[in-house]
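Coordinates as given in run.cif (mmCIF, C-alpha atoms and all ligand atoms):
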```cif
data_query
loop_
_atom_site.label_atom_id
_atom_site.label_comp_id
_atom_site.auth_asym_id
_atom_site.auth_seq_id
_atom_site.Cartn_x
_atom_site.Cartn_y
_atom_site.Cartn_z
CA MET B 229 34.92 -27.13 1.82
CA THR B 230 36.73 -24.21 3.42
CA LEU B 231 34.63 -21.12 3.83
CA VAL B 232 36.52 -17.95 4.54
CA SER B 233 35.02 -14.53 4.92
CA PRO B 234 36.41 -11.37 6.49
CA ARG B 235 33.18 -11.17 8.53
CA PHE B 236 34.21 -14.32 10.34
CA ASP B 237 36.78 -12.33 12.26
CA LEU B 238 34.10 -10.01 13.50
CA TYR B 239 32.41 -12.22 16.06
CA GLU B 240 32.47 -10.39 19.36
CA SER B 241 31.39 -12.49 22.29
CA GLN B 242 28.83 -11.04 24.69
CA PHE B 243 29.78 -13.65 27.26
CA GLY B 244 33.19 -12.37 28.40
CA ASN B 245 31.78 -11.47 31.83
CA TRP B 246 29.38 -14.40 31.97
CA ASP B 247 30.63 -15.44 35.43
CA GLU B 248 29.74 -12.02 36.81
CA LEU B 249 26.58 -11.34 34.81
CA SER B 250 24.56 -14.49 34.25
CA TYR B 251 21.78 -15.52 36.60
CA ILE B 252 23.13 -19.03 37.14
CA ARG B 253 26.72 -17.93 37.83
CA SER B 254 26.14 -14.82 39.90
CA LYS B 255 22.67 -14.59 41.46
CA PRO B 256 21.38 -16.25 44.61
CA ARG B 257 18.36 -18.52 44.34
CA ARG B 258 15.56 -16.63 46.03
CA ALA B 259 12.52 -17.70 48.01
CA THR B 260 10.69 -14.39 48.39
CA PRO B 261 7.43 -14.90 50.28
CA PHE B 262 4.18 -14.00 48.51
CA ASP B 263 2.25 -10.89 49.53
CA PRO B 264 -1.53 -11.48 49.78
CA ASN B 265 -2.17 -7.96 48.42
CA LEU B 266 -0.21 -8.43 45.21
CA TYR B 267 -1.19 -10.17 41.99
CA PHE B 268 0.58 -13.11 40.37
CA TYR B 269 0.58 -11.63 36.88
CA PRO B 270 -0.10 -8.13 35.51
CA GLU B 271 -3.69 -7.60 34.37
CA GLY B 272 -2.37 -5.37 31.59
CA MET B 273 -0.37 -8.26 30.11
CA ALA B 274 -2.95 -10.99 30.61
CA THR B 275 -4.55 -11.47 27.20
CA LEU B 276 -8.00 -12.37 28.53
CA PHE B 277 -8.21 -9.22 30.62
CA ALA B 278 -8.61 -7.09 27.51
CA HIS B 279 -12.17 -8.45 27.36
CA PRO B 280 -14.70 -6.53 29.49
CA ARG B 281 -16.45 -9.69 30.63
CA VAL B 282 -13.18 -10.89 32.16
CA ALA B 283 -12.03 -7.47 33.37
CA ASN B 284 -15.35 -6.99 35.18
CA SER B 285 -15.55 -10.45 36.72
CA PRO B 286 -15.40 -10.81 40.54
CA GLU B 287 -12.08 -10.22 42.28
CA HIS B 288 -11.53 -13.87 43.27
CA VAL B 289 -12.07 -15.00 39.65
CA ARG B 290 -9.66 -12.41 38.31
CA ARG B 291 -7.03 -13.32 40.88
CA GLU B 292 -7.29 -16.99 39.99
CA LEU B 293 -7.20 -16.23 36.26
CA LEU B 294 -3.99 -14.25 36.79
CA VAL B 295 -2.46 -17.28 38.49
CA LEU B 296 -3.44 -19.38 35.44
CA HIS B 297 -1.89 -16.76 33.15
CA LEU B 298 1.31 -16.99 35.21
CA TYR B 299 1.33 -20.79 34.90
CA ASN B 300 0.84 -20.44 31.17
CA TYR B 301 3.82 -18.09 30.90
CA LEU B 302 6.05 -20.27 33.10
CA GLU B 303 5.04 -23.51 31.37
CA PHE B 304 5.69 -21.88 27.99
CA THR B 305 9.18 -20.90 29.19
CA VAL B 306 10.01 -24.31 30.65
CA ARG B 307 8.93 -26.15 27.48
CA LEU B 308 10.69 -23.66 25.20
CA GLU B 309 14.00 -23.77 27.06
CA LEU B 310 14.08 -27.55 27.60
CA GLY B 311 12.74 -28.19 24.10
CA PRO B 312 13.78 -26.34 20.94
CA VAL B 313 16.05 -23.72 22.51
CA ASN B 314 18.33 -26.21 24.19
CA ASP B 315 18.05 -28.71 21.32
CA VAL B 316 19.52 -25.98 19.14
CA SER B 317 22.04 -24.75 21.73
CA LYS B 318 23.30 -28.33 21.91
CA LEU B 319 23.54 -28.51 18.12
CA LEU B 320 25.56 -25.29 18.13
CA CYS B 321 27.91 -26.82 20.73
CA LEU B 322 28.77 -29.69 18.37
CA GLU B 323 31.68 -29.11 16.03
CA ASP B 324 30.16 -31.00 13.14
CA PHE B 325 27.12 -28.68 12.99
CA LEU B 326 27.93 -25.76 10.66
CA PRO B 327 31.64 -26.49 11.15
CA TRP B 328 32.65 -23.08 9.80
CA LEU B 329 31.12 -21.17 12.71
CA PRO B 330 33.69 -19.28 14.81
CA SER B 331 35.08 -21.34 17.65
CA GLN B 332 34.13 -18.67 20.19
CA MET B 333 30.53 -18.75 18.99
CA ARG B 334 30.53 -22.45 19.80
CA ASP B 335 32.02 -21.78 23.24
CA ASP B 336 29.18 -19.34 23.90
CA ALA B 337 26.58 -21.93 22.92
CA PHE B 338 27.64 -23.97 25.96
CA LYS B 339 26.97 -20.98 28.20
CA ILE B 340 23.56 -20.44 26.62
CA TYR B 341 22.75 -24.12 27.17
CA VAL B 342 23.54 -23.65 30.87
CA ASP B 343 21.58 -20.36 31.05
CA GLU B 344 18.48 -21.90 29.48
CA GLY B 345 18.55 -24.92 31.77
CA ALA B 346 18.65 -22.49 34.70
CA HIS B 347 15.73 -20.49 33.29
CA ALA B 348 13.64 -23.65 33.03
CA GLU B 349 14.54 -24.62 36.57
CA MET B 350 13.74 -21.24 38.11
CA CYS B 351 10.38 -21.14 36.32
CA ARG B 352 9.54 -24.64 37.55
CA VAL B 353 10.44 -23.74 41.15
CA LEU B 354 8.27 -20.61 40.99
CA MET B 355 5.36 -22.50 39.43
CA MET B 356 5.42 -25.16 42.14
CA SER B 357 5.64 -22.65 44.97
CA VAL B 358 2.74 -20.60 43.53
CA GLN B 359 0.66 -23.75 43.29
CA GLN B 360 1.47 -24.69 46.86
CA SER B 361 0.65 -21.22 48.14
CA THR B 362 -2.50 -20.45 46.11
CA ARG B 363 -3.92 -23.99 45.80
CA VAL B 364 -4.79 -23.09 42.19
CA GLU B 365 -4.14 -26.24 40.16
CA ARG B 366 -2.00 -26.03 37.02
CA LEU B 367 -3.79 -26.90 33.78
CA ARG B 368 -0.76 -28.84 32.43
CA LEU B 369 -1.30 -27.80 28.81
CA THR B 370 1.09 -28.32 25.93
CA PRO B 371 1.90 -24.86 24.53
CA ALA B 372 0.66 -24.33 20.97
CA PHE B 373 4.08 -23.33 19.63
CA LEU B 374 5.35 -26.88 20.14
CA ARG B 375 2.66 -28.22 17.80
CA THR B 376 3.56 -25.60 15.19
CA LEU B 377 7.22 -26.55 15.41
CA GLU B 378 6.40 -30.22 15.11
CA ASP B 379 4.31 -29.53 11.98
CA LEU B 380 7.03 -27.38 10.40
CA VAL B 381 9.79 -29.89 11.12
CA SER B 382 7.92 -33.04 10.22
CA SER B 383 6.90 -31.70 6.80
CA GLU B 384 10.56 -31.23 5.80
CA GLN B 385 13.19 -33.74 4.68
CA PRO B 386 15.16 -35.13 7.64
CA GLU B 387 18.39 -33.46 6.47
CA HIS B 388 16.74 -30.03 6.55
CA ARG B 389 15.17 -30.38 9.98
CA PRO B 390 18.10 -29.09 12.09
CA LEU B 391 18.17 -25.89 10.03
CA ILE B 392 14.41 -25.38 10.38
CA LYS B 393 14.79 -25.78 14.13
CA LEU B 394 17.75 -23.42 14.17
CA PHE B 395 15.70 -20.65 12.54
CA PHE B 396 12.74 -21.34 14.79
CA VAL B 397 15.02 -20.70 17.77
CA ILE B 398 16.66 -17.65 16.19
CA ILE B 399 13.16 -16.22 15.82
CA SER B 400 12.20 -16.98 19.42
CA GLU B 401 15.42 -15.57 20.82
CA THR B 402 15.20 -12.30 18.90
CA LEU B 403 11.57 -11.51 19.69
CA ILE B 404 10.81 -9.19 22.59
CA THR B 405 7.77 -10.12 24.55
CA GLY B 406 5.97 -8.05 27.14
CA SER B 407 6.94 -10.54 29.80
CA LEU B 408 10.60 -9.71 29.31
CA VAL B 409 10.17 -5.96 29.23
CA ARG B 410 7.18 -4.99 31.32
CA LEU B 411 6.67 -7.69 33.89
CA PRO B 412 9.75 -6.88 36.03
CA LYS B 413 8.58 -3.28 36.39
CA ASP B 414 4.98 -3.93 37.42
CA GLU B 415 4.62 -3.09 41.10
CA THR B 416 1.20 -4.72 41.40
CA VAL B 417 2.87 -8.11 40.89
CA GLN B 418 4.54 -10.43 43.41
CA ARG B 419 8.24 -9.66 43.92
CA ALA B 420 9.16 -13.32 43.33
CA VAL B 421 7.52 -13.25 39.88
CA ARG B 422 9.17 -9.95 38.93
CA ASP B 423 12.59 -11.20 40.04
CA VAL B 424 12.33 -14.33 37.90
CA ALA B 425 11.27 -12.25 34.89
CA ASN B 426 14.06 -9.75 35.49
CA ASP B 427 16.80 -12.36 35.91
CA HIS B 428 15.58 -14.05 32.77
CA ALA B 429 15.38 -10.82 30.75
CA THR B 430 18.96 -9.89 31.70
CA ASP B 431 20.33 -13.16 30.31
CA GLU B 432 18.09 -12.94 27.24
CA GLY B 433 19.63 -9.58 26.28
CA ARG B 434 22.89 -11.47 25.65
CA HIS B 435 21.13 -14.34 23.90
CA HIS B 436 19.36 -11.87 21.61
CA ALA B 437 22.71 -10.45 20.47
CA TYR B 438 24.13 -13.96 20.04
CA PHE B 439 21.31 -15.36 17.92
CA ARG B 440 21.26 -12.23 15.79
CA LYS B 441 24.95 -12.95 15.06
CA VAL B 442 24.16 -16.59 14.29
CA PHE B 443 21.56 -15.37 11.79
CA GLU B 444 24.07 -13.00 10.19
CA TYR B 445 26.55 -15.81 9.74
CA VAL B 446 24.20 -18.49 8.52
CA TRP B 447 21.62 -16.73 6.32
CA PRO B 448 24.03 -15.31 3.68
CA ARG B 449 25.62 -18.72 3.28
CA LEU B 450 22.43 -20.59 2.50
CA PRO B 451 21.77 -21.50 -1.13
CA ARG B 452 19.01 -19.41 -2.71
CA GLU B 453 16.49 -22.26 -2.70
CA MET B 454 17.11 -22.99 0.96
CA LYS B 455 16.67 -19.32 1.77
CA ARG B 456 13.27 -19.39 0.10
CA LYS B 457 12.25 -22.66 1.78
CA ILE B 458 13.08 -21.28 5.24
CA GLY B 459 12.09 -17.68 4.49
CA ILE B 460 8.48 -18.49 3.75
CA LEU B 461 8.23 -20.34 7.07
CA LEU B 462 9.57 -17.43 9.12
CA PRO B 463 6.25 -15.58 9.55
CA ASP B 464 4.59 -18.80 10.81
CA MET B 465 7.45 -19.16 13.26
CA ILE B 466 6.97 -15.58 14.50
CA LEU B 467 3.24 -16.07 14.95
CA ALA B 468 3.79 -19.39 16.72
CA PHE B 469 5.40 -17.44 19.55
CA LEU B 470 3.37 -14.26 19.54
CA GLN B 471 -0.19 -15.29 18.75
CA PRO B 472 -2.31 -15.95 21.82
CA ASP B 473 -2.70 -19.66 22.49
CA LYS B 474 -6.41 -20.19 21.81
CA SER B 475 -6.78 -23.56 23.43
CA ALA B 476 -4.91 -22.46 26.58
CA LEU B 477 -7.13 -19.37 26.90
CA MET B 478 -10.23 -21.51 26.42
CA ARG B 479 -9.14 -23.92 29.12
CA MET B 480 -8.52 -21.05 31.53
CA LEU B 481 -12.04 -19.68 31.06
CA GLU B 482 -13.59 -23.14 31.22
CA SER B 483 -12.34 -23.30 34.82
CA PHE B 484 -15.14 -20.82 35.67
CA PRO B 485 -18.26 -22.10 33.90
CA GLU B 486 -20.56 -20.13 36.18
CA HIS B 487 -18.90 -16.86 35.14
CA PHE B 488 -18.09 -17.43 31.46
CA ALA B 489 -20.87 -19.23 29.64
CA ARG B 490 -19.33 -18.84 26.17
CA PRO B 491 -15.54 -19.03 26.51
CA ALA B 492 -14.96 -19.55 22.77
CA GLN B 493 -16.67 -16.28 21.95
CA ILE B 494 -14.58 -14.34 24.48
CA VAL B 495 -11.36 -15.87 23.14
CA GLU B 496 -12.27 -15.14 19.50
CA GLU B 497 -13.11 -11.54 20.35
CA VAL B 498 -9.91 -10.98 22.33
CA ILE B 499 -7.76 -12.39 19.53
CA ASP B 500 -9.38 -9.98 17.06
CA TYR B 501 -8.81 -6.88 19.19
CA LYS B 502 -6.57 -4.29 17.57
CA SER B 503 -4.53 -4.10 20.78
CA THR B 504 -3.78 -7.84 20.51
CA VAL B 505 -2.67 -7.51 16.88
CA ASP B 506 -0.62 -4.39 17.63
CA GLY B 507 1.13 -6.23 20.47
CA ILE B 508 2.20 -8.99 18.07
CA VAL B 509 3.67 -6.50 15.60
CA ALA B 510 5.46 -4.53 18.33
CA SER B 511 7.06 -7.70 19.71
CA ALA B 512 8.06 -8.85 16.22
CA SER B 513 9.59 -5.50 15.32
CA PRO B 514 13.28 -6.15 16.20
CA THR B 515 13.16 -9.53 14.44
CA LEU B 516 11.60 -8.02 11.30
CA LYS B 517 14.24 -5.32 11.31
CA MET B 518 16.97 -7.96 11.56
CA LEU B 519 15.45 -9.84 8.62
CA ARG B 520 15.26 -6.70 6.52
CA GLU B 521 18.85 -5.72 7.30
CA ASN B 522 19.92 -9.15 6.10
CA HIS B 523 17.98 -8.78 2.83
CA VAL B 524 15.52 -11.54 3.60
CA PHE B 525 12.71 -9.60 1.92
CA ASP B 526 14.66 -9.26 -1.34
CA ASP B 527 12.96 -12.48 -2.40
CA PRO B 528 9.39 -11.50 -3.38
CA ALA B 529 8.06 -14.95 -2.41
CA ILE B 530 9.23 -14.40 1.16
CA ASP B 531 8.09 -10.78 1.22
CA ASN B 532 4.62 -11.83 0.02
CA GLU B 533 4.27 -14.44 2.72
CA PHE B 534 5.02 -11.89 5.43
CA THR B 535 2.56 -9.45 3.89
CA ARG B 536 -0.10 -12.14 3.63
CA LEU B 537 0.20 -12.77 7.37
CA ARG B 538 0.21 -9.03 8.05
CA LEU B 539 3.77 -8.95 9.34
CA VAL B 540 5.14 -6.11 7.32
CA PRO B 541 8.77 -5.08 7.56
CA PRO B 542 9.74 -1.39 7.59
CA ARG B 543 10.31 -0.17 4.03
CA ASN B 544 12.72 2.70 4.44
CA GLU B 545 15.87 3.61 6.32
CA SER B 546 14.56 6.80 7.87
CA ARG B 547 14.91 7.43 11.57
CA PRO B 548 12.33 5.33 13.31
CA SER B 549 9.32 6.93 14.86
CA MET B 550 8.62 5.64 18.34
CA SER B 551 4.96 6.51 18.13
CA ASN B 552 3.91 2.88 17.83
CA TRP B 553 5.28 2.08 21.27
CA ARG B 554 3.09 2.61 24.23
CA THR B 555 4.68 4.88 26.81
CA ASP B 556 4.60 2.09 29.42
CA GLN B 557 6.43 -0.25 27.06
CA ALA B 558 10.05 0.58 27.80
CA ILE B 559 12.58 -0.82 25.39
CA PRO B 560 15.57 -2.36 27.14
CA ALA B 561 19.15 -1.37 26.36
CA GLY B 562 20.35 -2.97 23.18
CA PHE B 563 16.83 -3.28 21.88
CA GLN B 564 16.48 0.25 20.47
CA ASP B 565 14.78 -0.99 17.40
CA GLN B 566 12.54 0.37 14.77
CA PRO B 567 8.86 -0.41 15.10
CA VAL B 568 6.98 -1.67 12.10
CA GLU B 569 3.56 -0.69 10.99
CA LEU B 570 0.66 -2.99 10.50
CA VAL B 571 -0.95 -2.46 7.17
CA GLU B 572 -4.28 -3.52 5.86
CA VAL B 573 -3.88 -6.29 3.35
CA SER B 574 -6.31 -6.31 0.49
CA SER B 575 -8.22 -9.51 -0.08
CA GLU B 576 -7.33 -9.66 -3.77
FE FE Y 601 15.87 -18.22 28.43
FE FE Y 602 17.61 -17.48 25.58
#
```

Translate the structure described by the file into structure tokens.
Ligand SMILES: [Fe+2]
Ligand SMILES: [Fe+2]
Amino acid sequence: MTLVSPRFDLYESQFGNWDELSYIRSKPRRATPFDPNLYFYPEGMATLFAHPRVANSPEHVRRELLVLHLYNYLEFTVRLELGPVNDVSKLLCLEDFLPWLPSQMRDDAFKIYVDEGAHAEMCRVLMMSVQQSTRVERLRLTPAFLRTLEDLVSSEQPEHRPLIKLFFVIISETLITGSLVRLPKDETVQRAVRDVANDHATDEGRHHAYFRKVFEYVWPRLPREMKRKIGILLPDMILAFLQPDKSALMRMLESFPEHFARPAQIVEEVIDYKSTVDGIVASASPTLKMLRENHVFDDPAIDNEFTRLRLVPPRNESRPSMSNWRTDQAIPAGFQDQPVELVEVSSE
């Protein structure tokens, strides 16, 4: 089948200057020494630190917990890049996968594959050097999002699985997490950690634009039933990345039994905080806007599923208010997106 659309001429590569701009092609590998006065992760971004019992714990406990938060973030990145992200980048490199995609889009998938391998490697190097320096042992946990992906994929027919994975990765690559935006700017944090986050964020700006384009090419071409099948899974995919990982947080607190007698209670309370929920919605905002602009919510079944999970897309085209963004939450260039509002969902 030949598929021709005028939009197919509109693919503009973001990777023209890849040799000059990407981390792996242009930046030196660093070995910045650690400063004993600096932290390994920002308290303001560490989920557990929203809880007063954690925030008021002794300095040595907080410092160690921040190291565990850093490991969690780095392990998440390594497993994401080596797992679904590069599985999908590899698929996009192959000419028999969605053969109607523009040839240049396929060329760029090779560059993303290389970028993501480099991100995994730099996170691994940092993790090992932090462990060597701090003597804080890694917990070696499997991130929760991998289990969600496995559940989503295994419950579908084999021929649909590559598409499910593709959308899972589109979601992950279009979300904006605090680690990408705020971590590089936090001067209380080790330079080596900020540099890794900054180098990663710079590459991810290009990946964000790329995967948004992939979405714009693929979604309109899906049959209606396939749109619905994938569409109702999208909010679960978003939450897989943005919801705090309960079991990882529990394991972190369990490392200090003398300080946290009831870790489960602390984790439950933190997850229910309004600030935690607001953070999820803020990070999902650009992705929800992309979905709305591509008419994903035109199907009431999909719209209802997002509403049920309290991920509500913006309803009008008016100029966005920035009031939902915290003033310390700068939005990087190219990410000037409209925030969404969390609404109360009735229990009817
Ligand atoms: Fe990456
Ligand atoms: Fe990426």

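Pairwise distance (CA of Glu378 (chain B), CA of Asp464 (chain B)) equals 12.3 Å.
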
Residue with smallest distance to ligand FE 601 (chain Y) - pool B:Gln360, B:Thr416, B:Ser241, B:Thr430, counting all atoms listed in the file: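 Using all atoms listed in the file, ligand FE 601 (chain Y) sits closest to B:Thr430.
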
I want to know what sits within 9 Å of Arg440 (chain B), based on all atoms listed in the file, with residues of the same chain fewer than 4 positions away left out; could you give that as a list of chain:residue names?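 The contact residues come out as B:Ile398, B:Glu401, B:Thr402, B:His435, B:His436, B:Glu444, B:Tyr445, B:Thr515, B:Met518.
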
When the cut-off is 9 Å and you count only C-alpha atoms and all ligand atoms, which residues lie near ligand FE 602 (chain Y), shown as number ranges by chain? B: 309, 313-314, 340-341, 343-344, 347, 397, 400-402, 428-429, 431-436, 439

Determine the nearest neighbour of Ala278 (chain B) from the options B:Met356, B:Leu374, B:Leu391, B:Val495, counting all atoms listed in the file.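 Among the listed residues, the smallest separation from Ala278 (chain B) belongs to B:Val495.
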
Point (3.2, -17.9, 44.4) neighbourhood (8 Å, all atoms listed in the file) written as a ChimeraX atom specification: /B:261-262,268,354-362,418,420-421

Phe304 (chain B) proximity check over B:Arg352, B:His523, B:Arg253, B:Lys339, using all atoms listed in the file: winner is B:Arg352

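Minimum atom-to-atom distance to ligand FE 601 (chain Y), evaluated using all atoms listed in the file, belongs to B:Gly345 out of B:Pro270, B:Gly345, B:Pro327, B:Pro448.
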
Selection near Val446 (chain B), 9 Å with only C-alpha atoms, sequence-local residues under 5 positions removed, as a ChimeraX atom specification: /B:326,329,441

Could you write those residues out with C-alpha atoms, as a short mmCIF file (atom, residue, chain, number, x, y, z; two decimals), keeping the file's coordinate frame?
```cif
data_model
loop_
_atom_site.label_atom_id
_atom_site.label_comp_id
_atom_site.auth_asym_id
_atom_site.auth_seq_id
_atom_site.Cartn_x
_atom_site.Cartn_y
_atom_site.Cartn_z
CA LEU B 326 27.93 -25.76 10.66
CA LEU B 329 31.12 -21.17 12.71
CA LYS B 441 24.95 -12.95 15.06
#
```

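For the atom pair formed by CA of Tyr269 (chain B) and CA of Leu377 (chain B), the distance is 27.0 Å, given to one decimal.
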
Smallest atom-to-atom distance to Leu411 (chain B): which of B:Val353, B:Ala425, B:Ala346, B:Val289, using only C-alpha atoms? B:Ala425

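For the pair CA of Gln242 (chain B) and CA of Gln332 (chain B), the separation is 10.3 Å.
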
Which residues are close to Val282 (chain B), i.e. within 12 Å by all atoms listed in the file, leaving aside same-chain residues fewer than 2 positions away? Reply as a ChimeraX atom specification. /B:271,274-280,284-294,477,480-481,484,487-491,494-495,497-498
